[in-house]
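Peer 1: Sharing a structure, written as structure tokens. Questions coming.
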Amino acid sequence: MPPIMEYLKESPPDTDSRWNELMELAIMQARQAGKNGEIPVGAILLDSEGRIIGKGYNQSISRHDPSAHAEVIAIQQGCQNKANYRLLGSTLIVTLEPCIMCLGAIIHARIATVVYGANDPKTGCLASRMNGANIPWANHSFEVVSGISAARCGSLLSDFFQQRRQQKRQKKQPSNRP
Ligand SMILES: [Zn+2]
């Protein structure tokens, strides 16, 4: 496990500029997923003191594990670093609106704030499909900050899918056919 990384606390944690700065780190994680041919989603996890305790990027295909989403990996790492299954006061920064599985992990880990970039209109569970942060019957609710560097986070995904479609088309129509 990587050591807990100190994060420079120069700007107050509630400003957009700090979120943008942290989102850049999540975007770097997402790029790593894209390089590996995985859907480019990345996440960073901060403890209640603002220190980075977890990082993750999508690895479902390479790990043969449908649960290996960026958020779950960052949460697992954070829990190992803190030697605790609950991360009270923590903040998850993720490039894409979390899915229903990651919402479950966020609730179980008792994460206090989720900051995300792009909306996921198909399967996003914090705004697009449901208000997962405030489920009346759930035993935990949390704060949501959305739309941080949304255009950059979204274009990572749209560029990835566009490239993949192009590759598929090229496979179907080999240009060296006699
Ligand atoms: Zn997910």
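Each chain in the structure tokens gets a letter, A, B, ..., in the order shown, and its residues are numbered from 1; ligands are numbered from 1 in order too.
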Report as CSV: every residue of chain A with an atom at most 12 Å from ligand 1, its closest pair of atoms, and their distance in Å to one decimal, counting only C-alpha atoms and all ligand atoms, with rows sorted by chain and ascending residue number.
Peer 2:
residue,atom,partner,partner_atom_place_in_ligand_line,distance
A:Ile39,CA,ligand 1,1 (Zn),11.1
A:Pro40,CA,ligand 1,1 (Zn),11.9
A:Val41,CA,ligand 1,1 (Zn),9.2
A:Gly42,CA,ligand 1,1 (Zn),10.5
A:Ala43,CA,ligand 1,1 (Zn),10.6
A:Gly56,CA,ligand 1,1 (Zn),11.4
A:Tyr57,CA,ligand 1,1 (Zn),10.5
A:Asn58,CA,ligand 1,1 (Zn),8.8
A:Gln59,CA,ligand 1,1 (Zn),11.1
A:Ser60,CA,ligand 1,1 (Zn),10.2
A:Asp65,CA,ligand 1,1 (Zn),11.9
A:Pro66,CA,ligand 1,1 (Zn),9.1
A:Ser67,CA,ligand 1,1 (Zn),7.4
A:Ala68,CA,ligand 1,1 (Zn),8.1
A:His69,CA,ligand 1,1 (Zn),5.1
A:Ala70,CA,ligand 1,1 (Zn),7.1
A:Glu71,CA,ligand 1,1 (Zn),6.4
A:Val72,CA,ligand 1,1 (Zn),7.2
A:Ile73,CA,ligand 1,1 (Zn),10.0
A:Ala74,CA,ligand 1,1 (Zn),11.3
A:Ile75,CA,ligand 1,1 (Zn),11.5
A:Val94,CA,ligand 1,1 (Zn),10.1
A:Thr95,CA,ligand 1,1 (Zn),11.1
A:Leu96,CA,ligand 1,1 (Zn),8.9
A:Glu97,CA,ligand 1,1 (Zn),8.4
A:Pro98,CA,ligand 1,1 (Zn),5.1
A:Cys99,CA,ligand 1,1 (Zn),4.2
A:Ile100,CA,ligand 1,1 (Zn),6.5
A:Met101,CA,ligand 1,1 (Zn),5.4
A:Cys102,CA,ligand 1,1 (Zn),4.2
A:Leu103,CA,ligand 1,1 (Zn),7.3
A:Gly104,CA,ligand 1,1 (Zn),9.2
A:Ala105,CA,ligand 1,1 (Zn),9.0
A:Ile106,CA,ligand 1,1 (Zn),10.0
A:Asp120,CA,ligand 1,1 (Zn),10.7
A:Thr123,CA,ligand 1,1 (Zn),9.1
A:Gly124,CA,ligand 1,1 (Zn),8.7
A:Cys125,CA,ligand 1,1 (Zn),9.4
A:Leu126,CA,ligand 1,1 (Zn),11.4
Peer 1: Got a sec: who's within 12 Å of region 148-153 of chain A, counting only C-alpha atoms, leaving out chain neighbours fewer than 3 positions off, as an MDAnalysis selection string?
Peer 2: chainID A and resid 15:31 39:43 93:97 114:120 144:145 156:160
Peer 1: Selected residues, N, CA and C atoms, written as a CSV table (one decimal), in the first residue's frame, please.
Peer 2:
chain,number,residue,atom,x,y,z
A,15,THR,N,-13.4,25.7,-1.7
A,15,THR,CA,-13.3,26.6,-2.9
A,15,THR,C,-13.3,25.7,-4.1
A,16,ASP,N,-13.8,26.3,-5.2
A,16,ASP,CA,-13.8,25.6,-6.5
A,16,ASP,C,-12.4,25.4,-7.0
A,17,SER,N,-11.5,26.3,-6.7
A,17,SER,CA,-10.1,26.2,-7.2
A,17,SER,C,-9.5,25.0,-6.6
A,18,ARG,N,-9.7,24.7,-5.3
A,18,ARG,CA,-9.1,23.5,-4.7
A,18,ARG,C,-9.8,22.3,-5.3
A,19,TRP,N,-11.1,22.3,-5.5
A,19,TRP,CA,-11.7,21.1,-6.2
A,19,TRP,C,-11.1,20.9,-7.6
A,20,ASN,N,-10.9,22.0,-8.3
A,20,ASN,CA,-10.4,21.8,-9.6
A,20,ASN,C,-9.0,21.2,-9.6
A,21,GLU,N,-8.2,21.7,-8.6
A,21,GLU,CA,-6.9,21.2,-8.5
A,21,GLU,C,-6.9,19.7,-8.2
A,22,LEU,N,-7.8,19.3,-7.3
A,22,LEU,CA,-7.8,17.9,-6.9
A,22,LEU,C,-8.4,17.0,-8.0
A,23,MET,N,-9.4,17.7,-8.8
A,23,MET,CA,-9.9,16.9,-9.9
A,23,MET,C,-8.9,16.6,-11.0
A,24,GLU,N,-7.9,17.5,-11.1
A,24,GLU,CA,-6.8,17.2,-12.0
A,24,GLU,C,-6.1,15.9,-11.7
A,25,LEU,N,-5.9,15.7,-10.4
A,25,LEU,CA,-5.3,14.4,-9.9
A,25,LEU,C,-6.2,13.2,-10.3
A,26,ALA,N,-7.5,13.4,-10.2
A,26,ALA,CA,-8.5,12.3,-10.5
A,26,ALA,C,-8.4,12.1,-12.0
A,27,ILE,N,-8.3,13.2,-12.8
A,27,ILE,CA,-8.2,13.1,-14.3
A,27,ILE,C,-6.9,12.3,-14.7
A,28,MET,N,-5.8,12.5,-13.9
A,28,MET,CA,-4.6,11.8,-14.2
A,28,MET,C,-4.8,10.3,-14.0
A,29,GLN,N,-5.6,10.0,-13.0
A,29,GLN,CA,-5.9,8.6,-12.7
A,29,GLN,C,-6.8,8.0,-13.9
A,30,ALA,N,-7.8,8.8,-14.3
A,30,ALA,CA,-8.6,8.4,-15.4
A,30,ALA,C,-7.9,8.1,-16.7
A,31,ARG,N,-6.9,9.0,-16.9
A,31,ARG,CA,-6.0,8.8,-18.1
A,31,ARG,C,-5.3,7.4,-18.1
A,39,ILE,N,-12.5,2.1,-19.4
A,39,ILE,CA,-13.3,3.3,-19.5
A,39,ILE,C,-12.6,4.3,-18.5
A,40,PRO,N,-12.2,5.5,-19.1
A,40,PRO,CA,-11.4,6.5,-18.3
A,40,PRO,C,-12.1,7.2,-17.2
A,41,VAL,N,-12.2,6.6,-16.0
A,41,VAL,CA,-12.7,7.2,-14.8
A,41,VAL,C,-11.6,7.1,-13.7
A,42,GLY,N,-11.4,8.2,-13.0
A,42,GLY,CA,-10.4,8.2,-11.9
A,42,GLY,C,-11.0,8.8,-10.7
A,43,ALA,N,-10.4,8.4,-9.5
A,43,ALA,CA,-10.9,8.9,-8.2
A,43,ALA,C,-9.7,9.2,-7.3
A,93,ILE,N,-13.3,12.4,-4.6
A,93,ILE,CA,-13.3,13.2,-5.8
A,93,ILE,C,-13.2,12.3,-7.0
A,94,VAL,N,-14.2,12.3,-7.9
A,94,VAL,CA,-14.3,11.3,-9.0
A,94,VAL,C,-14.7,12.0,-10.2
A,95,THR,N,-14.1,11.6,-11.4
A,95,THR,CA,-14.4,12.3,-12.6
A,95,THR,C,-15.8,12.1,-13.2
A,96,LEU,N,-16.4,11.0,-12.8
A,96,LEU,CA,-17.8,10.7,-13.3
A,96,LEU,C,-18.8,10.5,-12.2
A,97,GLU,N,-20.0,10.9,-12.4
A,97,GLU,CA,-21.0,10.6,-11.4
A,97,GLU,C,-21.1,9.1,-11.1
A,114,VAL,N,-19.0,13.9,-1.7
A,114,VAL,CA,-18.6,13.4,-3.0
A,114,VAL,C,-18.5,14.5,-3.9
A,115,VAL,N,-17.4,14.7,-4.6
A,115,VAL,CA,-17.2,15.8,-5.6
A,115,VAL,C,-17.0,15.1,-6.9
A,116,TYR,N,-17.9,15.4,-7.9
A,116,TYR,CA,-17.7,14.7,-9.2
A,116,TYR,C,-17.7,15.7,-10.3
A,117,GLY,N,-17.2,15.2,-11.5
A,117,GLY,CA,-17.0,16.1,-12.7
A,117,GLY,C,-18.3,16.0,-13.6
A,118,ALA,N,-18.2,15.0,-14.5
A,118,ALA,CA,-19.3,14.9,-15.5
A,118,ALA,C,-20.5,14.1,-14.9
A,119,ASN,N,-21.7,14.5,-15.4
A,119,ASN,CA,-22.9,13.7,-15.1
A,119,ASN,C,-22.9,12.4,-16.0
A,120,ASP,N,-23.5,11.4,-15.4
A,120,ASP,CA,-23.7,10.1,-16.2
A,120,ASP,C,-25.2,9.9,-16.4
A,144,VAL,N,-22.9,16.6,-1.8
A,144,VAL,CA,-22.5,16.4,-3.2
A,144,VAL,C,-22.1,17.7,-3.8
A,145,VAL,N,-21.0,17.7,-4.4
A,145,VAL,CA,-20.5,18.9,-5.2
A,145,VAL,C,-20.4,18.4,-6.7
A,156,LEU,N,-12.9,13.4,-21.8
A,156,LEU,CA,-12.1,12.2,-21.6
A,156,LEU,C,-12.8,10.9,-22.1
A,157,LEU,N,-14.1,10.9,-21.6
A,157,LEU,CA,-15.0,9.7,-21.9
A,157,LEU,C,-15.4,9.7,-23.4
A,158,SER,N,-15.9,10.9,-23.9
A,158,SER,CA,-16.4,10.9,-25.3
A,158,SER,C,-15.2,10.7,-26.3
A,159,ASP,N,-14.0,11.2,-26.0
A,159,ASP,CA,-12.9,10.9,-26.8
A,159,ASP,C,-12.5,9.4,-26.8
A,160,PHE,N,-12.6,8.8,-25.7
A,160,PHE,CA,-12.3,7.4,-25.5
A,160,PHE,C,-13.3,6.5,-26.4
Peer 1: Show which residues sit within 12 Å of Asp47 (chain A), as number ranges by chain. Count only C-alpha atoms, and ignore same-chain residues fewer than 3 positions away.
Peer 2: A: 4-7, 13, 44, 50-55, 74-75, 77-79, 81-82, 84, 86-93, 109-113
Peer 1: Would you give me, as a PyMOL selection string, the residues in region 17-165 of chain A that DSSP reads as alpha helix (DSSP H)?
Peer 2: chain A and resi 17-35+60-63+70-82+100-109+150-165
Peer 1: From the list A:Asn139, A:Ser128, A:Gln163, A:Gln80, which residue is nearest His108 (chain A) when using only C-alpha atoms?
Peer 2: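 Smallest separation from His108 (chain A) among the options: A:Asn139.
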Peer 1: Could you pull out the strand (DSSP E or B) residues of region 70-156 of chain A from DSSP and send them as a ChimeraX atom specification?
Peer 2: /A:91-96,113-118,143-145
Peer 1: What separation in Å, quoted to one decimal, exists between CA of Gln166 (chain A) and CA of Lys35 (chain A)?
Peer 2: 16.1 Å
